[in-house]
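Shown here: structure.txt, compact mmCIF, C-alpha atoms.
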# COMPACT_ATOMS: atom_id res chain seq x y z
CA MET A 83 119.41 203.05 177.29
CA ALA A 84 119.36 199.28 176.97
CA LEU A 85 116.61 197.19 175.44
CA GLY A 86 116.18 193.63 176.65
CA ALA A 87 115.42 190.50 174.72
CA PRO A 88 111.87 189.76 173.51
CA GLY A 89 109.48 187.90 175.75
CA LEU A 90 107.23 185.09 174.65
CA LYS A 91 103.96 185.99 172.98
CA GLY A 92 101.16 186.20 175.54
CA GLU A 93 103.61 186.29 178.45
CA ALA A 94 103.52 189.17 180.95
CA ILE A 95 106.65 191.05 179.99
CA MET A 96 106.88 193.87 182.53
CA ARG A 97 108.00 192.94 186.05
CA ILE A 98 106.33 195.13 188.65
CA ALA A 99 106.66 195.46 192.43
CA GLN A 100 104.80 197.94 194.64
CA HIS A 101 105.76 199.27 198.07
CA VAL A 102 103.97 201.48 200.63
CA TRP A 103 105.46 203.69 203.36
CA ASP A 104 103.64 205.36 206.22
CA PRO A 105 105.07 207.26 209.20
CA LYS A 106 103.99 204.62 211.76
CA THR A 107 105.25 201.41 210.17
CA GLY A 108 107.83 202.60 207.64
CA TRP A 109 108.19 200.68 204.38
CA ARG A 110 106.17 197.59 203.58
CA PHE A 111 108.15 196.12 200.71
CA GLU A 112 106.35 193.77 198.36
CA SER A 113 108.27 190.68 197.31
CA ALA A 114 109.44 191.43 193.80
CA PRO A 115 108.77 188.97 190.98
CA ALA A 116 111.82 187.68 189.13
CA GLY A 117 113.53 190.56 187.40
CA ALA A 118 111.70 193.40 189.19
CA SER A 119 114.68 194.03 191.46
CA ASP A 120 116.46 195.33 188.33
CA ALA A 121 113.77 197.92 187.69
CA SER A 122 114.64 200.74 185.33
CA LEU A 123 111.84 203.07 186.49
CA LEU A 124 110.55 203.75 189.99
CA LEU A 125 107.37 205.85 190.13
CA VAL A 126 107.07 207.48 193.55
CA PHE A 127 104.05 209.46 194.78
CA GLY A 128 103.67 210.79 198.30
CA ALA A 129 102.40 213.46 200.64
CA THR A 130 104.55 216.59 200.57
CA ALA A 131 105.85 216.12 204.12
CA ALA A 132 106.48 212.41 203.57
CA LEU A 133 108.67 213.02 200.52
CA ASP A 134 110.75 215.40 202.66
CA ARG A 135 111.73 212.38 204.80
CA ALA A 136 115.18 211.69 203.37
CA GLU A 137 115.49 208.35 205.16
CA ALA A 138 112.30 207.04 203.52
CA VAL A 139 113.42 207.96 200.01
CA ASP A 140 116.98 206.70 200.64
CA ALA A 141 115.66 203.28 201.68
CA LEU A 142 113.76 203.11 198.42
CA ARG A 143 116.88 203.97 196.41
CA GLN A 144 118.79 201.19 198.16
CA ARG A 145 116.03 198.73 197.28
CA HIS A 146 116.16 199.60 193.56
CA PRO A 147 119.60 201.14 192.95
CA SER A 148 119.52 200.93 189.13
CA ALA A 149 116.12 202.58 188.67
CA HIS A 150 115.36 206.16 187.68
CA LEU A 151 113.39 207.52 190.65
CA VAL A 152 110.65 209.85 189.41
CA GLY A 153 107.56 211.18 191.15
CA CYS A 154 105.77 214.05 192.85
CA SER A 155 103.83 215.23 195.87
CA THR A 156 100.12 214.51 195.94
CA ALA A 157 96.70 215.09 197.40
CA GLY A 158 96.37 211.34 197.94
CA GLU A 159 98.26 208.25 196.77
CA ILE A 160 96.96 205.27 194.79
CA THR A 161 98.29 201.72 194.79
CA GLY A 162 96.02 198.98 193.52
CA THR A 163 92.51 200.06 194.39
CA ARG A 164 93.62 201.54 197.72
CA VAL A 165 93.74 205.30 198.26
CA HIS A 166 96.22 206.45 200.91
CA ASP A 167 96.91 209.72 202.70
CA ASP A 168 100.17 210.98 204.26
CA SER A 169 102.03 208.03 202.74
CA ILE A 170 104.48 207.23 199.95
CA VAL A 171 103.63 204.65 197.30
CA ALA A 172 106.31 203.31 194.96
CA THR A 173 105.95 201.20 191.83
CA ALA A 174 109.13 199.57 190.50
CA ILE A 175 108.94 198.65 186.81
CA ALA A 176 111.40 196.40 184.99
CA PHE A 177 110.68 196.80 181.30
CA GLU A 178 111.82 193.98 179.03
CA ARG A 179 112.09 195.89 175.74
CA THR A 180 111.50 199.56 176.59
CA GLY A 181 114.17 202.19 177.22
CA VAL A 182 113.81 204.90 179.88
CA GLU A 183 115.31 208.40 179.99
CA VAL A 184 114.59 211.24 182.45
CA ALA A 185 114.81 214.99 181.88
CA ARG A 186 114.06 217.83 184.27
CA ALA A 187 113.93 221.62 184.17
CA ALA A 188 113.39 224.37 186.72
CA ILE A 189 110.30 226.57 186.44
CA ASP A 190 110.24 229.73 188.53
CA ASP A 191 107.29 231.42 186.82
CA ALA A 192 104.13 230.15 185.12
CA ALA A 193 104.97 232.42 182.18
CA HIS A 194 107.88 230.08 181.35
CA SER A 195 105.71 226.96 181.05
CA ALA A 196 105.87 226.66 177.28
CA GLN A 197 109.64 227.25 177.18
CA VAL A 198 110.20 224.54 179.79
CA ALA A 199 107.99 222.05 177.95
CA ARG A 200 109.79 222.61 174.66
CA SER A 201 113.21 222.17 176.25
CA LEU A 202 112.17 218.89 177.89
CA ALA A 203 110.66 217.55 174.67
CA ASP A 204 113.72 218.50 172.65
CA ASP A 205 115.99 216.88 175.23
CA LEU A 206 114.14 213.56 175.18
CA VAL A 207 113.87 213.47 171.39
CA ALA A 208 117.63 214.06 171.09
CA ARG A 209 118.57 211.29 173.55
CA HIS A 210 117.62 208.31 171.36
CA ALA A 211 115.59 207.32 168.35
CA GLY A 212 112.27 205.62 168.90
CA LEU A 213 110.63 207.90 171.49
CA ARG A 214 107.18 206.41 172.06
CA HIS A 215 105.62 208.21 175.02
CA VAL A 216 106.37 211.01 177.50
CA LEU A 217 105.18 211.04 181.09
CA VAL A 218 105.33 214.57 182.53
CA LEU A 219 105.04 215.55 186.20
CA SER A 220 105.06 219.24 187.10
CA ASP A 221 105.09 221.48 190.12
CA GLY A 222 101.39 222.11 190.65
CA LEU A 223 101.49 225.76 191.71
CA LYS A 224 104.13 227.46 189.54
CA VAL A 225 102.95 226.34 186.11
CA ASN A 226 100.36 227.19 183.50
CA GLY A 227 99.24 223.68 182.67
CA SER A 228 97.54 224.71 179.42
CA GLU A 229 100.73 226.24 178.05
CA LEU A 230 102.79 223.28 179.24
CA ALA A 231 100.50 220.82 177.45
CA ALA A 232 100.25 222.93 174.29
CA ALA A 233 104.03 223.25 174.02
CA LEU A 234 104.49 219.51 174.46
CA ARG A 235 101.89 218.97 171.78
CA SER A 236 103.79 221.14 169.30
CA ALA A 237 107.33 220.04 170.23
CA LEU A 238 106.91 216.26 170.23
CA PRO A 239 107.12 214.38 166.92
CA ALA A 240 103.98 212.99 165.32
CA GLY A 241 102.99 209.71 166.91
CA VAL A 242 104.57 210.48 170.29
CA SER A 243 101.94 210.83 173.00
CA ALA A 244 102.18 212.55 176.40
CA THR A 245 100.27 212.14 179.64
CA GLY A 246 100.88 213.15 183.24
CA GLY A 247 99.77 215.58 185.89
CA LEU A 248 100.41 218.48 188.21
CA ALA A 249 101.76 217.71 191.69
CA GLY A 250 99.42 218.21 194.64
CA ASP A 251 99.62 219.33 198.26
CA GLY A 252 96.40 218.01 199.76
CA ASP A 253 93.91 220.88 200.01
CA ARG A 254 96.60 223.24 201.34
CA PHE A 255 97.92 224.74 198.07
CA ALA A 256 101.13 225.73 199.85
CA ARG A 257 104.04 223.77 198.30
CA THR A 258 104.31 221.01 195.73
CA THR A 259 107.39 219.02 194.74
CA THR A 260 108.71 216.65 192.08
CA LEU A 261 111.53 214.09 192.09
CA ALA A 262 113.95 213.20 189.30
CA ASP A 263 116.80 211.08 190.69
CA SER A 264 117.16 213.75 193.39
CA VAL A 265 115.56 215.05 196.56
CA ALA A 266 112.01 216.39 196.38
CA THR A 267 112.25 219.81 194.73
CA SER A 268 109.76 222.64 194.22
CA ALA A 269 109.56 224.69 191.00
CA GLN A 270 110.53 221.79 188.74
CA VAL A 271 109.03 219.89 185.80
CA VAL A 272 110.08 216.29 185.17
CA ALA A 273 109.63 214.28 181.97
CA VAL A 274 110.15 210.54 181.47
CA GLY A 275 110.78 209.34 177.94
CA LEU A 276 109.79 205.77 177.06
CA TYR A 277 111.43 204.34 173.94
CA GLY A 278 110.91 201.35 171.67
CA SER A 279 108.39 199.83 169.30
CA ALA A 280 107.48 197.09 171.80
CA LEU A 281 105.65 199.56 174.05
CA ARG A 282 101.89 199.94 173.68
CA VAL A 283 100.27 202.99 175.28
CA GLY A 284 96.61 203.79 175.83
CA TRP A 285 94.92 206.69 177.55
CA GLY A 286 91.58 208.09 178.59
CA SER A 287 90.33 211.08 180.56
CA MET A 288 86.74 211.62 181.69
CA GLY A 289 84.93 213.72 184.27
CA GLY A 290 81.39 213.19 185.48
CA TRP A 291 80.40 216.65 186.74
CA ASP A 292 77.03 218.28 186.06
CA PRO A 293 76.75 221.91 184.89
CA PHE A 294 74.49 224.40 186.62
CA GLY A 295 73.69 228.09 186.33
CA PRO A 296 73.94 230.16 183.12
CA TRP A 297 76.83 230.39 180.69
CA ARG A 298 78.88 233.56 181.28
CA ARG A 299 81.42 234.99 178.85
CA ILE A 300 85.03 235.55 179.85
CA THR A 301 85.44 239.28 179.22
CA LYS A 302 88.82 239.86 180.87
CA ALA A 303 91.62 237.41 181.61
CA SER A 304 95.38 237.16 181.43
CA GLY A 305 96.59 233.63 180.72
CA ASN A 306 95.32 231.53 183.60
CA VAL A 307 94.20 234.53 185.71
CA LEU A 308 90.49 235.29 185.35
CA HIS A 309 89.43 238.91 185.98
CA GLU A 310 85.88 239.27 184.69
CA LEU A 311 82.84 237.28 183.61
CA ASP A 312 80.18 239.24 181.71
CA GLY A 313 82.03 242.41 182.69
CA GLN A 314 81.73 241.69 186.42
CA SER A 315 84.38 240.74 188.97
CA ALA A 316 84.92 237.01 188.50
CA LEU A 317 85.61 236.40 192.17
CA ALA A 318 82.54 238.33 193.36
CA LEU A 319 80.31 236.49 190.91
CA TYR A 320 81.80 233.13 191.85
CA LYS A 321 81.26 233.83 195.55
CA SER A 322 77.62 234.67 194.93
CA TYR A 323 77.07 231.15 193.59
CA LEU A 324 79.09 229.45 196.32
CA GLY A 325 77.17 231.06 199.20
CA GLU A 326 78.41 229.64 202.52
CA HIS A 327 81.13 227.67 200.68
CA ALA A 328 82.83 230.96 199.72
CA ALA A 329 84.40 231.19 203.18
CA GLY A 330 86.50 228.13 202.40
CA LEU A 331 88.15 229.45 199.22
CA PRO A 332 90.34 228.43 197.46
CA ALA A 333 89.93 224.84 198.74
CA SER A 334 86.13 224.90 198.48
CA ALA A 335 86.44 225.83 194.79
CA LEU A 336 87.52 222.22 194.18
CA LEU A 337 83.87 221.29 194.66
CA PHE A 338 82.70 223.81 192.04
CA PRO A 339 84.99 223.92 188.99
CA LEU A 340 84.32 225.93 185.83
CA ALA A 341 83.69 224.29 182.46
CA LEU A 342 84.70 226.07 179.25
CA ASP A 343 82.36 225.80 176.27
CA ASP A 344 83.38 223.38 173.55
CA GLY A 345 82.23 225.60 170.69
CA ASP A 346 79.03 223.60 170.16
CA GLY A 347 77.10 224.75 173.21
CA GLY A 348 78.38 221.99 175.47
CA CYS A 349 80.95 221.66 178.25
CA GLY A 350 84.53 221.13 177.11
CA LEU A 351 87.66 221.35 179.23
CA VAL A 352 87.17 221.91 182.96
CA ARG A 353 89.27 224.30 185.02
CA THR A 354 90.05 224.25 188.75
CA VAL A 355 90.80 227.29 190.92
CA LEU A 356 94.31 227.29 192.43
CA ALA A 357 94.25 230.69 194.17
CA VAL A 358 92.12 233.79 194.69
CA ASP A 359 93.19 237.42 195.11
CA GLU A 360 90.74 239.34 197.25
CA ALA A 361 92.41 242.70 196.52
CA THR A 362 92.05 242.43 192.73
CA GLY A 363 88.97 240.21 192.64
CA THR A 364 90.75 237.69 190.42
CA MET A 365 91.02 233.91 190.37
CA THR A 366 94.03 231.87 189.23
CA PHE A 367 93.26 228.58 187.47
CA ALA A 368 95.43 225.58 186.60
CA GLY A 369 95.10 226.42 182.90
CA ASP A 370 94.24 229.22 180.50
CA MET A 371 90.91 231.05 180.60
CA PRO A 372 90.68 232.41 177.03
CA VAL A 373 88.86 235.72 176.57
CA GLY A 374 85.69 235.29 174.53
CA LEU A 375 84.91 231.75 175.60
CA GLN A 376 81.95 231.04 177.85
CA ALA A 377 82.26 229.39 181.26
CA ARG A 378 79.75 227.60 183.46
CA LEU A 379 79.87 226.23 187.00
CA MET A 380 79.94 222.49 187.63
CA LYS A 381 78.90 220.40 190.62
CA ALA A 382 79.42 216.80 191.58
CA ASN A 383 77.33 213.82 190.57
CA PHE A 384 78.58 210.83 192.59
CA ASP A 385 77.51 208.09 190.22
CA ARG A 386 78.72 209.91 187.12
CA LEU A 387 82.15 210.50 188.71
CA VAL A 388 82.58 206.75 189.15
CA ASP A 389 81.22 206.08 185.66
CA GLY A 390 83.73 208.61 184.33
CA ALA A 391 86.61 206.69 185.92
CA SER A 392 85.39 203.48 184.29
CA GLY A 393 85.05 205.23 180.94
CA ALA A 394 88.61 206.58 181.14
CA ALA A 395 89.90 203.05 181.80
CA GLN A 396 87.91 201.62 178.91
CA ALA A 397 89.40 204.23 176.59
CA GLY A 398 92.85 203.25 177.88
CA VAL A 399 92.19 199.61 177.00
CA ALA A 400 91.05 200.50 173.50
CA GLY A 401 94.34 202.28 172.85
CA LEU A 402 96.37 199.11 173.48
CA HIS A 403 94.93 197.40 170.40
CA ASP A 404 94.07 194.08 172.07
CA ALA A 405 97.20 193.91 174.25
CA PRO A 406 96.35 193.45 177.95
CA ALA A 407 97.08 196.39 180.25
CA GLU A 408 100.04 195.45 182.43
CA LEU A 409 100.38 198.78 184.25
CA ALA A 410 97.94 201.65 184.64
CA LEU A 411 98.87 205.10 185.90
CA LEU A 412 95.84 206.79 187.47
CA ILE A 413 95.91 210.57 187.93
CA SER A 414 92.67 211.89 189.39
CA CYS A 415 91.81 215.41 190.53
CA VAL A 416 91.82 216.30 194.21
CA GLY A 417 88.34 217.76 193.76
CA ARG A 418 86.98 214.30 192.96
CA LYS A 419 88.56 212.93 196.13
CA LEU A 420 87.02 215.67 198.28
CA VAL A 421 83.59 215.01 196.79
CA LEU A 422 83.69 211.21 196.91
CA ARG A 423 85.17 211.10 200.43
CA GLN A 424 84.59 207.61 201.87
CA ARG A 425 83.46 206.44 198.43
CA VAL A 426 86.72 207.47 196.76
CA GLU A 427 87.91 203.89 196.23
CA GLU A 428 84.83 203.22 194.11
CA GLU A 429 86.53 205.04 191.23
CA THR A 430 89.76 203.03 191.53
CA GLU A 431 87.73 199.83 191.76
CA ALA A 432 85.86 200.86 188.62
CA VAL A 433 89.18 201.28 186.82
CA GLN A 434 90.38 197.84 187.96
CA ASP A 435 87.13 196.23 186.82
CA ALA A 436 87.48 197.82 183.39
CA LEU A 437 91.16 196.86 182.94
CA GLY A 438 91.03 193.36 184.38
CA PRO A 439 92.79 191.75 187.35
CA GLN A 440 96.16 191.45 185.58
CA ALA A 441 96.69 195.23 185.51
CA ARG A 442 98.72 196.80 188.33
CA LEU A 443 97.45 200.25 189.34
CA CYS A 444 99.42 203.18 190.71
CA GLY A 445 98.93 206.94 190.77
CA PHE A 446 97.93 210.01 192.72
CA TYR A 447 95.40 212.79 193.23
CA SER A 448 96.55 215.93 191.46
CA TYR A 449 96.04 219.63 190.77
CA GLY A 450 95.59 218.93 187.05
CA GLU A 451 95.72 216.07 184.56
CA ILE A 452 97.53 216.01 181.22
CA CYS A 453 96.14 213.69 178.58
CA PRO A 454 95.24 213.67 174.88
CA GLN A 455 91.73 214.83 174.11
CA GLY A 456 89.87 212.05 172.31
CA THR A 457 91.80 209.57 170.20
CA MET A 458 94.51 211.92 168.91
CA GLY A 459 98.00 211.83 170.42
CA VAL A 460 98.09 215.53 171.26
CA CYS A 461 97.74 216.44 174.91
CA GLU A 462 95.58 218.89 176.83
CA LEU A 463 95.34 220.03 180.43
CA HIS A 464 92.26 218.68 182.19
CA ASN A 465 90.87 219.36 185.64
CA GLN A 466 88.43 217.34 187.73
CA THR A 467 88.94 214.22 185.61
CA MET A 468 90.19 210.70 186.16
CA THR A 469 93.01 210.17 183.67
CA VAL A 470 94.23 206.63 183.00
CA THR A 471 97.43 205.81 181.11
CA THR A 472 97.80 202.11 180.27
CA LEU A 473 101.11 200.44 179.36
CA SER A 474 101.88 197.06 177.86
CA GLU A 475 104.87 195.47 176.14
CA THR A 476 104.56 193.11 173.19
Before anything else, please render the file you have as C-alpha cells.
Amino acid sequence: MALGAPGLKGEAIMRIAQHVWDPKTGWRFESAPAGASDASLLLVFGATAALDRAEAVDALRQRHPSAHLVGCSTAGEITGTRVHDDSIVATAIAFERTGVEVARAAIDDAAHSAQVARSLADDLVARHAGLRHVLVLSDGLKVNGSELAAALRSALPAGVSATGGLAGDGDRFARTTTLADSVATSAQVVAVGLYGSALRVGWGSMGGWDPFGPWRRITKASGNVLHELDGQSALALYKSYLGEHAAGLPASALLFPLALDDGDGGCGLVRTVLAVDEATGTMTFAGDMPVGLQARLMKANFDRLVDGASGAAQAGVAGLHDAPAELALLISCVGRKLVLRQRVEEETEAVQDALGPQARLCGFYSYGEICPQGTMGVCELHNQTMTVTTLSET
C-alpha cells in the first residue's frame, strides 16, 4: 500500500476515468486525466453474461494493469446519470493519498454469512493501520445480508464505516457473480479496504415506498426464511394481496416489498423477496425476518422514489464535512428500476443535482444495499433503497 504526496488545498485530488462496454461496439474508453492511467482501484459492474466475456475483462486489465479490479454482476449498470443494461461499466480511480487493499472469501451457504464477514474484516484490519472505510460486494443469492452487515458492524473498529451491496442478475435470480482481481466468480464476497486520514466518506440510504394493508406479526421464521404471518402461510397470504401479480413470483415481489416495524409503529428496514417455495409455503428474503416483529406490504410512489434518491445524496454530502464529493457510488435496488422503468434516470439525475457537477457517478442495481442506518458508522442491510457512498480526498 503506497500513499502519494498531498495535493493542493481545493484541488481535485482523485483522478477518475470511466469506460463503457456493450456487445455491439465493445469498449468505449474515456480519455483519462493525468494520473488516472495509474489507477489503484477499478470498480467494474456488468450484466452477468457480459462479465463472463473474458476478452472484455482482459482488455480492461490491459488498460489499467496496476489497479485492483473489483466488481459484481448487476440488474443494471450506472455511469454518470446513464443507466445501462447488458453492458459493463468501469470506473478507474487513482487516489492521491489513499491506500487500497482487497480481500475475498468463498460463501457456499447463507448460514456462513457472519463468519465470512468477520474473516474479511479481520483480514483488512490486519493489513495496515489506518483503515477508514470498507466497500463490500457479495454474491446476491447465497448470502444472508442481515448477518453479513451485522458481523461487519461488530468486527470493524470504531470509526470504520462500511457500505456496499448484493450482486444482481436482472430479474432472473439465477446466478450472481463478484470479481476480485480474478474472473467473475459465484459464491464469493469481496471487500475493499480504503486506508488513510486524507479520505472523507459520506453515505445515505433512503427509500420512497408507501405502506398499505394491515401490520401482520411474524409468527414463524428461520433467519431470512419467512414461514408464517399471523399464524398463516406467509406465501399464501402474500399471494392474496398480489392478486394477478402472484403469477410472476418471485420477480413480481420486487414491486411489493415488506417493511419491518421500527419499534415505534412506523416502517423501518425494508426486505425484498429472493425466492419462494411453493411446497413449503415459505419465502426467502435478502435479510433476516425476526420472529415477533410486524411486517407490512409496500408499494411504489414514483415521486417519492426520486425524492428518496435525492435525500440519500444529500446525506452523503453532509458526511463529507464541507469537502466536495469527487466520486459517488450509487447502489439502488432492482425493484426501484422495475417500477421507474423509462423514468429510472430521474433518480440518478436527482443524485447528480444534489452532489454537484464535479462528482463522478458510478454504480449498479442490486439485490440489497449495505449502508449505515442514520448518522452512525454501523451498517445495515437495506432493500428497495437508493444508497449513495460519497468519497473525497483532502
Calculated over only C-alpha atoms, which of the candidates A:Leu342, A:Glu229, A:Leu238, A:Ala266 has the smallest distance to Ala136 (chain A)?
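So, comparing all the options, the nearest one is A:Ala266.
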Can you tell me, as a list in words, which residues sit within 12 Å of (118.5, 206.7, 197.5) in the file's frame, using all atoms listed in the file?
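Residues found, by chain and rising number: Leu124, Arg135, Ala136, Glu137, Ala138, Val139, Asp140, Ala141, Leu142, Arg143, Gln144, Arg145, His146, Pro147, Ser148, Ala149, His150, Leu151, Val152, Leu261, Ala262, Asp263, Ser264, Val265 and Ala266 of chain A.
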Residues within 7 Å of region 436-453 of chain A, only C-alpha atoms, excluding chain neighbours under 5 positions, as number ranges by chain
A: 127, 156-162, 173, 222, 231, 244-250, 287, 368, 392, 395-396, 399, 407-416, 461-465, 469
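Using only C-alpha atoms for every distance, the candidate list A:Arg186, A:Arg200, A:Arg282, A:Arg257 yields A:Arg186 as the residue closest to Gln270 (chain A).
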Residue nearest Ala405 (chain A) among A:Val421, A:Leu340, A:Val358, A:Val283 (counting all atoms listed in the file):
A:Val283
For the atom pair CA of Val271 (chain A) and CA of Val218 (chain A), what is the interatomic distance in Å to one decimal place?
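Going from CA of Val271 (chain A) over to CA of Val218 (chain A), I get 7.3 Å.
Going from CA of Met365 (chain A) over to CA of Lys302 (chain A), you cover 11.4 Å.
Residue nearest Tyr277 (chain A) within the list A:Pro406, A:Pro293, A:Gly212, A:Gly369: A:Gly212 [criterion: smallest interatomic distance, all atoms listed in the file].
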Å distance separating CA of Asp167 (chain A) from CA of Met468 (chain A), one decimal place
17.9 Å
Point out the residue among A:Ala377, A:Ala132, A:Val272, A:Ala357 with the least atom-to-atom distance to Leu217 (chain A), counting only C-alpha atoms.
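Closest to Leu217 (chain A) of all the choices is A:Val272.
Comparing A:Ala185, A:Ala397, A:Ala237, A:Ala131 by their smallest distance to Leu206 (chain A), the closest is A:Ala185 (using only C-alpha atoms).
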Identify, on the basis of only C-alpha atoms, every residue whose closest approach to Leu281 (chain A) does not exceed 7 Å; exclude the query and any residue fewer than 6 positions from it along the same chain; express the result as a PyMOL selection string.
chain A and resi 180+474-476
Now that the selection is made, can you save its residues with C-alpha atoms as a compact mmCIF listing (two decimals), in the coordinates of the input?
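Dumped everything to selection-v4.txt:
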# COMPACT_ATOMS: atom_id res chain seq x y z
CA THR A 180 111.50 199.56 176.59
CA SER A 474 101.88 197.06 177.86
CA GLU A 475 104.87 195.47 176.14
CA THR A 476 104.56 193.11 173.19
Cut-off 8 Å around (105.3, 205.8, 199.3) with only C-alpha atoms: residues as a ChimeraX atom specification
/A:101-104,109,126-128,132,159,169-172
